Amino acid sequence: MRSITRRDFLKIGAAGTALLAIESQLHPIAQAMEMMDGGRSVNRVSGLPRSFLPSTCTQCPAGCGIIGYVEESKLVKIGGNPKHLSNQSALCARGQAGINALYDPDRILTPLKRVGGRGENRWAKIKWDQAYEEVAKAMQPLKSQPGRFVYMTEDLGHDTLGKRFAYSFGSGNALGAASIFGGNKQVATQLTWGAAGDMPDVANTKYILVFGANPLESHPQFVGFARRLIEGVQDNQAKMVVFDVRLTNTSTRANEVYYVNPGTYAIVALAMANVIMQEGLHNAAFIDQWANISSGDIAAHLSQFTPEKAAAASGVDAAAIRRVATEFASTSPATTLSDGLVSVHGNGTQNERAVMLLNIITGNIDNRGGLCLPREFNLPDADPAPAVPAPTPLSNPADLPLASQQAIDRSWQLIRDRKHRVGVLMTRSYNPVYSDPDGGGVADLLKDDTMVPIHVAVSPFMTETAALADIVLPETTYLEGWDLEVRPSPELVPFISLRQPVVPPLKDARPFFEIATSLANTIKGGMEQYFGFKSVEDYLKGRIQNVGGLAAAGGLDYLKQHGVWFNPRSKPDYGSFGGGFSTPSGKLEVYSSVLKDKGFSPLPDYEPVPAFSSLSKDELVLTIFDTAIQTDAKTANCMWLDEILHNNPVWINPATAEQLGIKDGDKVRVVRAARTGQGISPVDDSQLNPRARSLETTAFLTEGIHPRVVAMANGVGHTGFGRIAQGEKISKDEESGALKNPNTELVWWREKDGIGTNPKTIVPAMADPVGGGQAWGDVVVTVGKIKE
């Protein structure tokens, strides 16, 4: 198909929207152009011409490639970009619903200054110049103590601009919430093979062991990974065996499913590894070459974990453990899938190391169909880059020395205990009042101006956290801003994806590059030298200038046209560790001297969760699970998603419910038990917000859950984000301009079903002492019927 000329552009273009010349390889765009004679993409209902632009979704961590379709300067549809290596044109409901966030009637579109008490929701609209001056006035006195400026973001690894801003001020307190969302797995893999994370090659495997994961709903590389898993199971006829505490979308497609007692994943994996070693099914040559201890030492350590011992702890039949272990070791290639419920315990890091060991002893490490190292580009910041300040007690808490992904709960605690004085706190893309454990305690801290004198929230929406700010700076949504997105590749070929505006910023919202640049030039004191770029495009060009092959392809212009770049001649480089792993020994560190030096078991081990060992007949373990619909604190105001998932009853096994006198649909109260946090992940219960010890919901009886477990979905039950998140109808008379949407009058679910409740409110801050990650899964509760 021919390229689009400028004349074509003028014939097709919608007012105010840039239509780029796209090469014929970008199939969905090329096909869209063929929808109408003359090479025009049109709305098949109205006949209006459409323009389109590739970009990147940020509705969840996957970072899928998208195409925005625009009519008369308004975004009308979001589709998948088939040129994107990860999602390859597929797009989930969250991605398509991004349009709801863009046109949310309650979006913040001008800077706000608090005029009442924090949390009173009384604001005055101010000009951007005043907002910059207000922030600068608060920050300038801190230059002699730059660590008193604290910057908090959800994902520090993907917030290069945020780090640049904090570091240019001289503060080492740029903090990310990785410990909340998966720090234990990151630490486990970093310790074992020198890289954070993994990427199972599920499309090419023959056997998949799934421990506590639900990749068909909640994998970090969601759509791209789910497609490959389906390929492996359907096209490659891989056998899939799942160990979990509840029935999931993934386990319903498995060959075998085993309910496992909560917190016991490690002993099941270690017992399987023991069987493999004792039966001589291990890959001795691989172990001897690439593990830092011998096969004999591994076998000796594992001998204590017999299938019978594992059966007694986990509830999984010993014969099943033996058979599955034998099948796994006898099938080549094979791989494991873990995350989710495996790592969210006080023993989560060792759980992950135990599962990883199954791949090591069978030689299924970075081979076709095995457990592979993550492939992603490591993009440096653009020159001139500020120096990285020394670690601080907030960024590296002394009592969690291995929490390389940071432990933001400990940071909150240090601030609460007045062991670190904050002058100015800036939050961006992070909603701890909703997302963190003990969010009520975080809210109380943010309300106290002696702990946080100035709170600046950079947010497009009035989230639960932004509502407790002094200044709110309205950032654009991802559909109006620029950035580079680099994620682990499900195809095992690294790629760079571009986020660019598919529509101009609405009203007075501004992209973070502009906000950070303007603030740096207002604060001065040396910050401005790191924000001297002529434009955001110049900044992005500086970040990609050394990526081999991209410059030859056209650099940023190529990304603007295609949305993504990868080397088209690249193939998965299996066995990429040939020169050695990025560990102290250069090998797979089955025996970790780092763990030994810190007083932890150096070998993959199992430590029971003490609170689970003696549950009374009325006590249950609470599991909080993610869904394919809502993303924690990102999608609350997307009404298409809210209509699908707006309520979250508590899952209860019918046998358990009968003992408790609970029927399906009954109103129940879930109360956190005092034993929560005992042992591995201790918590000072006296520090908890006393209001956050119970919640009310309805009962959902299902055989699809372990009898000693109850479960609730994450992502609903918001108290912020605006009226859509609250399930409120909005009359068209209340809306104006670009945010008009007649569908807001059709919101129906609050009156019928309610908006659910946030189960994280009753979870205290508890960290795995090894990895520093939040122990979401260590919560013991009681459930009782509410009498009318």
# chains A, B, ... in the order shown; residues from 1 in each chain; ligands from 1
>>> residues_around(residues="stretch 431-441 of chain A", least_positions_apart="2", cutoff="6 Å", atoms="only C-alpha atoms", output="PyMOL selection string")
chain A and resi 443-444+464-465+689+760-761+763-765
>>> write_last_selection(atoms="N, CA and C atoms", output="PDB file, in the first residue's frame")
ATOM      1  N   ALA A 443      -3.242   8.322  55.559  1.00  0.00           N
ATOM      2  CA  ALA A 443      -4.100   9.505  55.494  1.00  0.00           C
ATOM      3  C   ALA A 443      -3.911  10.383  56.728  1.00  0.00           C
ATOM      4  N   ASP A 444      -3.858   9.752  57.905  1.00  0.00           N
ATOM      5  CA  ASP A 444      -3.666  10.522  59.136  1.00  0.00           C
ATOM      6  C   ASP A 444      -2.322  11.253  59.116  1.00  0.00           C
ATOM      7  N   GLU A 464      -7.650   9.832  46.398  1.00  0.00           N
ATOM      8  CA  GLU A 464      -7.707   9.872  47.857  1.00  0.00           C
ATOM      9  C   GLU A 464      -6.478  10.571  48.438  1.00  0.00           C
ATOM     10  N   THR A 465      -5.334  10.452  47.752  1.00  0.00           N
ATOM     11  CA  THR A 465      -4.101  11.087  48.221  1.00  0.00           C
ATOM     12  C   THR A 465      -4.027  12.548  47.815  1.00  0.00           C
ATOM     13  N   ASN A 689      -4.185   2.419  62.441  1.00  0.00           N
ATOM     14  CA  ASN A 689      -5.372   3.252  62.525  1.00  0.00           C
ATOM     15  C   ASN A 689      -6.504   2.419  63.121  1.00  0.00           C
ATOM     16  N   LYS A 760      -7.907  -3.497  51.318  1.00  0.00           N
ATOM     17  CA  LYS A 760      -6.585  -3.173  51.846  1.00  0.00           C
ATOM     18  C   LYS A 760      -6.648  -2.311  53.103  1.00  0.00           C
ATOM     19  N   THR A 761      -7.848  -1.761  53.389  1.00  0.00           N
ATOM     20  CA  THR A 761      -7.953  -0.898  54.562  1.00  0.00           C
ATOM     21  C   THR A 761      -7.708  -1.636  55.866  1.00  0.00           C
ATOM     22  N   VAL A 763      -5.532  -4.168  56.182  1.00  0.00           N
ATOM     23  CA  VAL A 763      -4.229  -4.833  56.119  1.00  0.00           C
ATOM     24  C   VAL A 763      -3.167  -3.934  56.731  1.00  0.00           C
ATOM     25  N   PRO A 764      -2.458  -4.399  57.747  1.00  0.00           N
ATOM     26  CA  PRO A 764      -1.380  -3.590  58.321  1.00  0.00           C
ATOM     27  C   PRO A 764      -0.126  -3.663  57.456  1.00  0.00           C
ATOM     28  N   ALA A 765       0.778  -2.730  57.663  1.00  0.00           N
ATOM     29  CA  ALA A 765       2.056  -2.752  56.959  1.00  0.00           C
ATOM     30  C   ALA A 765       2.930  -3.839  57.567  1.00  0.00           C
TER      31      ALA A 765
END
>>> select_by_dssp(residues="stretch 163-359 of chain A", states="helix (DSSP H, G or I)", output="ChimeraX atom specification")
/A:163-169,178-181,183-193,202-204,215-218,222-235,251-253,265-278,284-290,295-302,307-314,318-330,348-359
>>> residues_around(residues="stretch 175-188 of chain A", least_positions_apart="4", cutoff="7 Å", atoms="only C-alpha atoms", output="PyMOL selection string")
chain A and resi 151-156+192+196-197+339+343+348-349+352-353+395+403-408+436+771-774
>>> write_last_selection(atoms="N, CA, C and O atoms", output="JSON list (two decimals), in the first residue's frame")
[["chain", "number", "residue", "atom", "x", "y", "z"],
["A", 151, "TYR", "N", 10.20, 12.69, 47.12],
["A", 151, "TYR", "CA", 9.40, 12.46, 45.91],
["A", 151, "TYR", "C", 8.95, 11.00, 45.91],
["A", 151, "TYR", "O", 9.77, 10.09, 46.02],
["A", 152, "MET", "N", 7.64, 10.78, 45.83],
["A", 152, "MET", "CA", 7.10, 9.43, 45.84],
["A", 152, "MET", "C", 6.32, 9.16, 44.56],
["A", 152, "MET", "O", 5.48, 9.98, 44.15],
["A", 153, "THR", "N", 6.59, 8.00, 43.96],
["A", 153, "THR", "CA", 5.94, 7.61, 42.72],
["A", 153, "THR", "C", 5.63, 6.13, 42.77],
["A", 153, "THR", "O", 6.22, 5.39, 43.57],
["A", 154, "GLU", "N", 4.72, 5.67, 41.92],
["A", 154, "GLU", "CA", 4.36, 4.26, 41.98],
["A", 154, "GLU", "C", 5.49, 3.36, 41.49],
["A", 154, "GLU", "O", 5.81, 2.36, 42.12],
["A", 155, "ASP", "N", 6.11, 3.72, 40.37],
["A", 155, "ASP", "CA", 7.12, 2.86, 39.77],
["A", 155, "ASP", "C", 8.34, 3.70, 39.44],
["A", 155, "ASP", "O", 8.45, 4.29, 38.36],
["A", 156, "LEU", "N", 9.27, 3.77, 40.37],
["A", 156, "LEU", "CA", 10.45, 4.61, 40.21],
["A", 156, "LEU", "C", 11.29, 4.18, 39.02],
["A", 156, "LEU", "O", 11.91, 5.02, 38.35],
["A", 192, "THR", "N", 19.41, -14.47, 43.03],
["A", 192, "THR", "CA", 19.70, -15.79, 42.46],
["A", 192, "THR", "C", 20.43, -15.72, 41.13],
["A", 192, "THR", "O", 21.40, -16.44, 40.90],
["A", 196, "ALA", "N", 16.47, -8.57, 38.07],
["A", 196, "ALA", "CA", 15.18, -8.47, 38.73],
["A", 196, "ALA", "C", 14.09, -8.97, 37.81],
["A", 196, "ALA", "O", 13.89, -8.44, 36.72],
["A", 197, "GLY", "N", 13.36, -9.99, 38.24],
["A", 197, "GLY", "CA", 12.25, -10.52, 37.46],
["A", 197, "GLY", "C", 12.63, -11.69, 36.59],
["A", 197, "GLY", "O", 13.78, -12.16, 36.57],
["A", 339, "ASP", "N", 4.38, -15.72, 41.22],
["A", 339, "ASP", "CA", 4.13, -14.31, 41.46],
["A", 339, "ASP", "C", 2.84, -14.23, 42.23],
["A", 339, "ASP", "O", 2.33, -15.25, 42.72],
["A", 343, "SER", "N", 4.61, -14.52, 46.40],
["A", 343, "SER", "CA", 5.56, -13.56, 46.97],
["A", 343, "SER", "C", 4.97, -12.65, 48.03],
["A", 343, "SER", "O", 5.71, -11.91, 48.68],
["A", 348, "GLY", "N", 7.85, -14.69, 51.46],
["A", 348, "GLY", "CA", 7.70, -14.59, 50.00],
["A", 348, "GLY", "C", 8.97, -14.72, 49.20],
["A", 348, "GLY", "O", 8.99, -15.35, 48.14],
["A", 349, "THR", "N", 10.06, -14.12, 49.68],
["A", 349, "THR", "CA", 11.32, -14.19, 48.93],
["A", 349, "THR", "C", 11.81, -15.63, 48.84],
["A", 349, "THR", "O", 12.24, -16.09, 47.77],
["A", 352, "GLU", "N", 9.75, -17.67, 46.37],
["A", 352, "GLU", "CA", 10.17, -17.47, 44.99],
["A", 352, "GLU", "C", 11.47, -18.21, 44.68],
["A", 352, "GLU", "O", 11.63, -18.78, 43.60],
["A", 353, "ARG", "N", 12.39, -18.19, 45.61],
["A", 353, "ARG", "CA", 13.67, -18.90, 45.38],
["A", 353, "ARG", "C", 13.45, -20.40, 45.30],
["A", 353, "ARG", "O", 14.12, -21.10, 44.53],
["A", 395, "SER", "N", 15.26, 5.77, 51.57],
["A", 395, "SER", "CA", 15.39, 4.97, 50.35],
["A", 395, "SER", "C", 15.93, 3.58, 50.62],
["A", 395, "SER", "O", 15.64, 2.65, 49.87],
["A", 403, "ALA", "N", 16.25, -4.98, 50.68],
["A", 403, "ALA", "CA", 15.09, -4.47, 49.93],
["A", 403, "ALA", "C", 15.58, -3.53, 48.84],
["A", 403, "ALA", "O", 15.38, -2.32, 48.88],
["A", 404, "SER", "N", 16.23, -4.11, 47.83],
["A", 404, "SER", "CA", 16.81, -3.30, 46.76],
["A", 404, "SER", "C", 15.75, -2.58, 45.95],
["A", 404, "SER", "O", 16.05, -1.63, 45.24],
["A", 405, "GLN", "N", 14.49, -3.03, 46.05],
["A", 405, "GLN", "CA", 13.41, -2.35, 45.35],
["A", 405, "GLN", "C", 12.75, -1.30, 46.24],
["A", 405, "GLN", "O", 11.68, -0.82, 45.95],
["A", 406, "GLN", "N", 13.40, -0.97, 47.33],
["A", 406, "GLN", "CA", 12.92, -0.02, 48.34],
["A", 406, "GLN", "C", 11.77, -0.62, 49.15],
["A", 406, "GLN", "O", 11.15, -1.59, 48.75],
["A", 407, "ALA", "N", 11.51, 0.01, 50.28],
["A", 407, "ALA", "CA", 10.45, -0.45, 51.17],
["A", 407, "ALA", "C", 9.71, 0.78, 51.65],
["A", 407, "ALA", "O", 10.00, 1.34, 52.71],
["A", 408, "ILE", "N", 8.76, 1.22, 50.87],
["A", 408, "ILE", "CA", 8.14, 2.52, 51.11],
["A", 408, "ILE", "C", 7.33, 2.54, 52.40],
["A", 408, "ILE", "O", 7.16, 3.59, 53.01],
["A", 436, "ASP", "N", -1.84, 1.53, 49.59],
["A", 436, "ASP", "CA", -0.93, 0.98, 50.59],
["A", 436, "ASP", "C", -1.68, 0.25, 51.70],
["A", 436, "ASP", "O", -2.85, 0.54, 51.96],
["A", 771, "GLY", "N", 13.03, -9.78, 51.65],
["A", 771, "GLY", "CA", 12.86, -8.96, 50.46],
["A", 771, "GLY", "C", 12.30, -7.58, 50.71],
["A", 771, "GLY", "O", 12.38, -6.70, 49.85],
["A", 772, "GLY", "N", 11.70, -7.37, 51.88],
["A", 772, "GLY", "CA", 11.14, -6.06, 52.18],
["A", 772, "GLY", "C", 9.79, -5.80, 51.56],
["A", 772, "GLY", "O", 9.22, -4.73, 51.73],
["A", 773, "GLY", "N", 9.25, -6.77, 50.82],
["A", 773, "GLY", "CA", 7.96, -6.59, 50.18],
["A", 773, "GLY", "C", 6.81, -6.76, 51.15],
["A", 773, "GLY", "O", 6.91, -7.51, 52.13],
["A", 774, "GLN", "N", 5.70, -6.10, 50.87],
["A", 774, "GLN", "CA", 4.53, -6.18, 51.73],
["A", 774, "GLN", "C", 3.97, -7.59, 51.78],
["A", 774, "GLN", "O", 3.80, -8.25, 50.76]]
>>> atom_distance(atom1="atom CA of A:Met451", atom2="atom CA of A:Gly423")
8.4 Å
>>> residues_around(residues="stretch 639-644 of chain A", least_positions_apart="5", cutoff="7 Å", atoms="only C-alpha atoms", output="number ranges by chain")
A: 94, 97, 100, 629-630, 724, 749
>>> select_by_dssp(residues="stretch 239-416 of chain A", states="strand (DSSP E)", output="count of residues only")
17
>>> atom_distance(atom1="atom CA of A:Glu619", atom2="atom CA of A:Ile652")
12.3 Å
>>> atom_distance(atom1="atom CA of A:Phe512", atom2="atom CA of A:Ser429")
10.8 Å
>>> closest_atom_pairs(of="stretch 326-396 of chain A", to="stretch 205-219 of chain A", cutoff="12 Å", atoms="only C-alpha atoms", output="Markdown table")
| residue | atom | partner | partner_atom | distance |
| --- | --- | --- | --- | --- |
| A:Thr326 | CA | A:Tyr207 | CA | 11.4 |
| A:Glu327 | CA | A:Tyr207 | CA | 8.3 |
| A:Phe328 | CA | A:Tyr207 | CA | 6.3 |
| A:Ala329 | CA | A:Tyr207 | CA | 9.3 |
| A:Ser330 | CA | A:Tyr207 | CA | 9.6 |
| A:Thr331 | CA | A:Tyr207 | CA | 6.6 |
| A:Ser332 | CA | A:Lys206 | CA | 6.4 |
| A:Pro333 | CA | A:Thr205 | CA | 5.3 |
| A:Ala334 | CA | A:Tyr207 | CA | 4.6 |
| A:Thr335 | CA | A:Ile208 | CA | 5.2 |
| A:Thr336 | CA | A:Leu209 | CA | 4.6 |
| A:Leu337 | CA | A:Val210 | CA | 4.6 |
| A:Ser338 | CA | A:Phe211 | CA | 4.9 |
| A:Asp339 | CA | A:Ala213 | CA | 5.2 |
| A:Gly340 | CA | A:Ala213 | CA | 5.2 |
| A:Leu341 | CA | A:Gly212 | CA | 4.7 |
| A:Val342 | CA | A:Gly212 | CA | 5.3 |
| A:Ser343 | CA | A:Gly212 | CA | 8.7 |
| A:Val344 | CA | A:Gly212 | CA | 9.9 |
| A:His345 | CA | A:Gly212 | CA | 11.5 |
| A:Gly348 | CA | A:Gly212 | CA | 11.3 |
| A:Asn351 | CA | A:Phe211 | CA | 9.5 |
| A:Glu352 | CA | A:Phe211 | CA | 9.3 |
| A:Ala354 | CA | A:Phe211 | CA | 10.8 |
| A:Val355 | CA | A:Phe211 | CA | 7.9 |
| A:Met356 | CA | A:Phe211 | CA | 10.8 |
| A:Leu358 | CA | A:Leu209 | CA | 9.6 |
| A:Asn359 | CA | A:Leu209 | CA | 10.2 |
| A:Asn364 | CA | A:Thr205 | CA | 9.9 |
| A:Asp366 | CA | A:Thr205 | CA | 11.8 |
| A:Asn367 | CA | A:Thr205 | CA | 9.7 |
| A:Arg368 | CA | A:Thr205 | CA | 7.3 |
| A:Gly369 | CA | A:Thr205 | CA | 3.8 |
| A:Gly370 | CA | A:Thr205 | CA | 6.5 |
| A:Leu371 | CA | A:Thr205 | CA | 9.5 |
| A:Cys372 | CA | A:Thr205 | CA | 11.5 |
>>> closest_residue(among="A:Arg708, A:Arg499, A:Lys534, A:Arg416", to="A:Gly68", atoms="only C-alpha atoms")
A:Arg499
>>> residues_around(residues="stretch 77-79 of chain A", least_positions_apart="6", cutoff="8 Å", atoms="only C-alpha atoms", output="PDB file with all heavy atoms, in the first residue's frame")
ATOM      1  N   ILE A  66      -0.712   1.035  21.499  1.00  0.00           N
ATOM      2  CA  ILE A  66      -2.082   1.400  21.167  1.00  0.00           C
ATOM      3  C   ILE A  66      -2.109   2.320  19.949  1.00  0.00           C
ATOM      4  O   ILE A  66      -1.091   2.889  19.557  1.00  0.00           O
ATOM      5  CB  ILE A  66      -2.806   2.102  22.340  1.00  0.00           C
ATOM      6  CG1 ILE A  66      -2.050   3.374  22.761  1.00  0.00           C
ATOM      7  CG2 ILE A  66      -2.977   1.147  23.508  1.00  0.00           C
ATOM      8  CD1 ILE A  66      -2.770   4.195  23.809  1.00  0.00           C
ATOM      9  N   ILE A  67      -3.295   2.445  19.384  1.00  0.00           N
ATOM     10  CA  ILE A  67      -3.555   3.423  18.325  1.00  0.00           C
ATOM     11  C   ILE A  67      -4.775   4.232  18.757  1.00  0.00           C
ATOM     12  O   ILE A  67      -5.814   3.661  19.105  1.00  0.00           O
ATOM     13  CB  ILE A  67      -3.833   2.748  16.974  1.00  0.00           C
ATOM     14  CG1 ILE A  67      -2.614   1.954  16.529  1.00  0.00           C
ATOM     15  CG2 ILE A  67      -4.203   3.786  15.920  1.00  0.00           C
ATOM     16  CD1 ILE A  67      -2.858   1.096  15.309  1.00  0.00           C
ATOM     17  N   GLY A  68      -4.624   5.544  18.776  1.00  0.00           N
ATOM     18  CA  GLY A  68      -5.740   6.412  19.096  1.00  0.00           C
ATOM     19  C   GLY A  68      -6.403   6.900  17.825  1.00  0.00           C
ATOM     20  O   GLY A  68      -5.732   7.384  16.914  1.00  0.00           O
ATOM     21  N   TYR A  69      -7.715   6.740  17.759  1.00  0.00           N
ATOM     22  CA  TYR A  69      -8.487   7.177  16.598  1.00  0.00           C
ATOM     23  C   TYR A  69      -9.226   8.461  16.964  1.00  0.00           C
ATOM     24  O   TYR A  69      -9.958   8.504  17.965  1.00  0.00           O
ATOM     25  CB  TYR A  69      -9.481   6.097  16.169  1.00  0.00           C
ATOM     26  CG  TYR A  69      -8.808   4.840  15.669  1.00  0.00           C
ATOM     27  CD1 TYR A  69      -8.406   3.833  16.551  1.00  0.00           C
ATOM     28  CD2 TYR A  69      -8.550   4.662  14.321  1.00  0.00           C
ATOM     29  CE1 TYR A  69      -7.771   2.684  16.096  1.00  0.00           C
ATOM     30  CE2 TYR A  69      -7.924   3.518  13.841  1.00  0.00           C
ATOM     31  CZ  TYR A  69      -7.538   2.535  14.738  1.00  0.00           C
ATOM     32  OH  TYR A  69      -6.906   1.405  14.274  1.00  0.00           O
ATOM     33  N   VAL A  70      -9.057   9.500  16.154  1.00  0.00           N
ATOM     34  CA  VAL A  70      -9.545  10.831  16.482  1.00  0.00           C
ATOM     35  C   VAL A  70     -10.489  11.341  15.402  1.00  0.00           C
ATOM     36  O   VAL A  70     -10.205  11.233  14.204  1.00  0.00           O
ATOM     37  CB  VAL A  70      -8.369  11.814  16.658  1.00  0.00           C
ATOM     38  CG1 VAL A  70      -8.872  13.220  16.975  1.00  0.00           C
ATOM     39  CG2 VAL A  70      -7.433  11.331  17.756  1.00  0.00           C
ATOM     40  N   SER A  89      -1.377  -6.107  18.567  1.00  0.00           N
ATOM     41  CA  SER A  89      -2.721  -5.649  18.180  1.00  0.00           C
ATOM     42  C   SER A  89      -3.800  -5.972  19.212  1.00  0.00           C
ATOM     43  O   SER A  89      -4.865  -5.356  19.204  1.00  0.00           O
ATOM     44  CB  SER A  89      -3.170  -6.174  16.812  1.00  0.00           C
ATOM     45  OG  SER A  89      -3.700  -7.484  16.889  1.00  0.00           O
ATOM     46  N   ALA A  90      -3.566  -6.934  20.097  1.00  0.00           N
ATOM     47  CA  ALA A  90      -4.571  -7.231  21.123  1.00  0.00           C
ATOM     48  C   ALA A  90      -4.588  -6.108  22.154  1.00  0.00           C
ATOM     49  O   ALA A  90      -3.567  -5.491  22.446  1.00  0.00           O
ATOM     50  CB  ALA A  90      -4.259  -8.560  21.790  1.00  0.00           C
ATOM     51  N   LEU A  91      -5.756  -5.845  22.708  1.00  0.00           N
ATOM     52  CA  LEU A  91      -5.878  -4.811  23.733  1.00  0.00           C
ATOM     53  C   LEU A  91      -6.992  -5.195  24.686  1.00  0.00           C
ATOM     54  O   LEU A  91      -8.088  -5.572  24.260  1.00  0.00           O
ATOM     55  CB  LEU A  91      -6.171  -3.450  23.097  1.00  0.00           C
ATOM     56  CG  LEU A  91      -5.990  -2.236  24.013  1.00  0.00           C
ATOM     57  CD1 LEU A  91      -4.528  -2.078  24.422  1.00  0.00           C
ATOM     58  CD2 LEU A  91      -6.472  -0.965  23.324  1.00  0.00           C
ATOM     59  N   GLY A  95      -7.282  -1.064  28.520  1.00  0.00           N
ATOM     60  CA  GLY A  95      -6.685  -0.202  27.510  1.00  0.00           C
ATOM     61  C   GLY A  95      -7.724   0.554  26.710  1.00  0.00           C
ATOM     62  O   GLY A  95      -7.570   1.746  26.416  1.00  0.00           O
ATOM     63  N   GLN A  96      -8.799  -0.126  26.337  1.00  0.00           N
ATOM     64  CA  GLN A  96      -9.834   0.532  25.565  1.00  0.00           C
ATOM     65  C   GLN A  96     -10.573   1.584  26.392  1.00  0.00           C
ATOM     66  O   GLN A  96     -11.069   2.578  25.856  1.00  0.00           O
ATOM     67  CB  GLN A  96     -10.815  -0.503  25.036  1.00  0.00           C
ATOM     68  CG  GLN A  96     -10.168  -1.495  24.065  1.00  0.00           C
ATOM     69  CD  GLN A  96     -11.129  -2.541  23.562  1.00  0.00           C
ATOM     70  OE1 GLN A  96     -12.145  -2.213  22.959  1.00  0.00           O
ATOM     71  NE2 GLN A  96     -10.811  -3.806  23.792  1.00  0.00           N
ATOM     72  N   ALA A  97     -10.644   1.382  27.699  1.00  0.00           N
ATOM     73  CA  ALA A  97     -11.363   2.312  28.571  1.00  0.00           C
ATOM     74  C   ALA A  97     -10.539   3.533  28.950  1.00  0.00           C
ATOM     75  O   ALA A  97     -11.033   4.406  29.665  1.00  0.00           O
ATOM     76  CB  ALA A  97     -11.823   1.590  29.836  1.00  0.00           C
ATOM     77  N   GLY A  98      -9.316   3.629  28.461  1.00  0.00           N
ATOM     78  CA  GLY A  98      -8.518   4.819  28.743  1.00  0.00           C
ATOM     79  C   GLY A  98      -9.202   6.098  28.305  1.00  0.00           C
ATOM     80  O   GLY A  98      -8.971   7.174  28.871  1.00  0.00           O
ATOM     81  N   ILE A  99     -10.062   5.979  27.310  1.00  0.00           N
ATOM     82  CA  ILE A  99     -10.809   7.138  26.831  1.00  0.00           C
ATOM     83  C   ILE A  99     -11.687   7.716  27.940  1.00  0.00           C
ATOM     84  O   ILE A  99     -11.925   8.928  27.998  1.00  0.00           O
ATOM     85  CB  ILE A  99     -11.645   6.730  25.588  1.00  0.00           C
ATOM     86  CG1 ILE A  99     -12.197   7.959  24.883  1.00  0.00           C
ATOM     87  CG2 ILE A  99     -12.754   5.766  25.958  1.00  0.00           C
ATOM     88  CD1 ILE A  99     -12.814   7.613  23.531  1.00  0.00           C
TER      89      ILE A  99
END
>>> residues_around(residues="A:Leu695", least_positions_apart="2", cutoff="7 Å", atoms="only C-alpha atoms", output="number ranges by chain")
A: 669-671, 697
>>> residues_around(residues="A:Ser592", least_positions_apart="6", cutoff="8 Å", atoms="only C-alpha atoms", output="list of chain:residue names")
A:Leu191, A:Thr192, A:Pro602, A:Leu603
>>> write_last_selection(atoms="N, CA and C atoms", output="mmCIF file, in the first residue's frame")
data_model
loop_
_atom_site.group_PDB
_atom_site.id
_atom_site.type_symbol
_atom_site.label_atom_id
_atom_site.label_comp_id
_atom_site.auth_asym_id
_atom_site.auth_seq_id
_atom_site.Cartn_x
_atom_site.Cartn_y
_atom_site.Cartn_z
ATOM 1 N N LEU A 191 18.889 -11.829 43.706
ATOM 2 C CA LEU A 191 19.859 -12.590 44.493
ATOM 3 C C LEU A 191 20.318 -13.846 43.771
ATOM 4 N N THR A 192 19.412 -14.475 43.029
ATOM 5 C CA THR A 192 19.703 -15.793 42.461
ATOM 6 C C THR A 192 20.427 -15.721 41.127
ATOM 7 N N PRO A 602 20.802 -19.267 53.657
ATOM 8 C CA PRO A 602 21.431 -19.006 52.363
ATOM 9 C C PRO A 602 20.876 -19.873 51.237
ATOM 10 N N LEU A 603 20.210 -20.966 51.566
ATOM 11 C CA LEU A 603 19.648 -21.868 50.571
ATOM 12 C C LEU A 603 18.130 -21.683 50.514
#
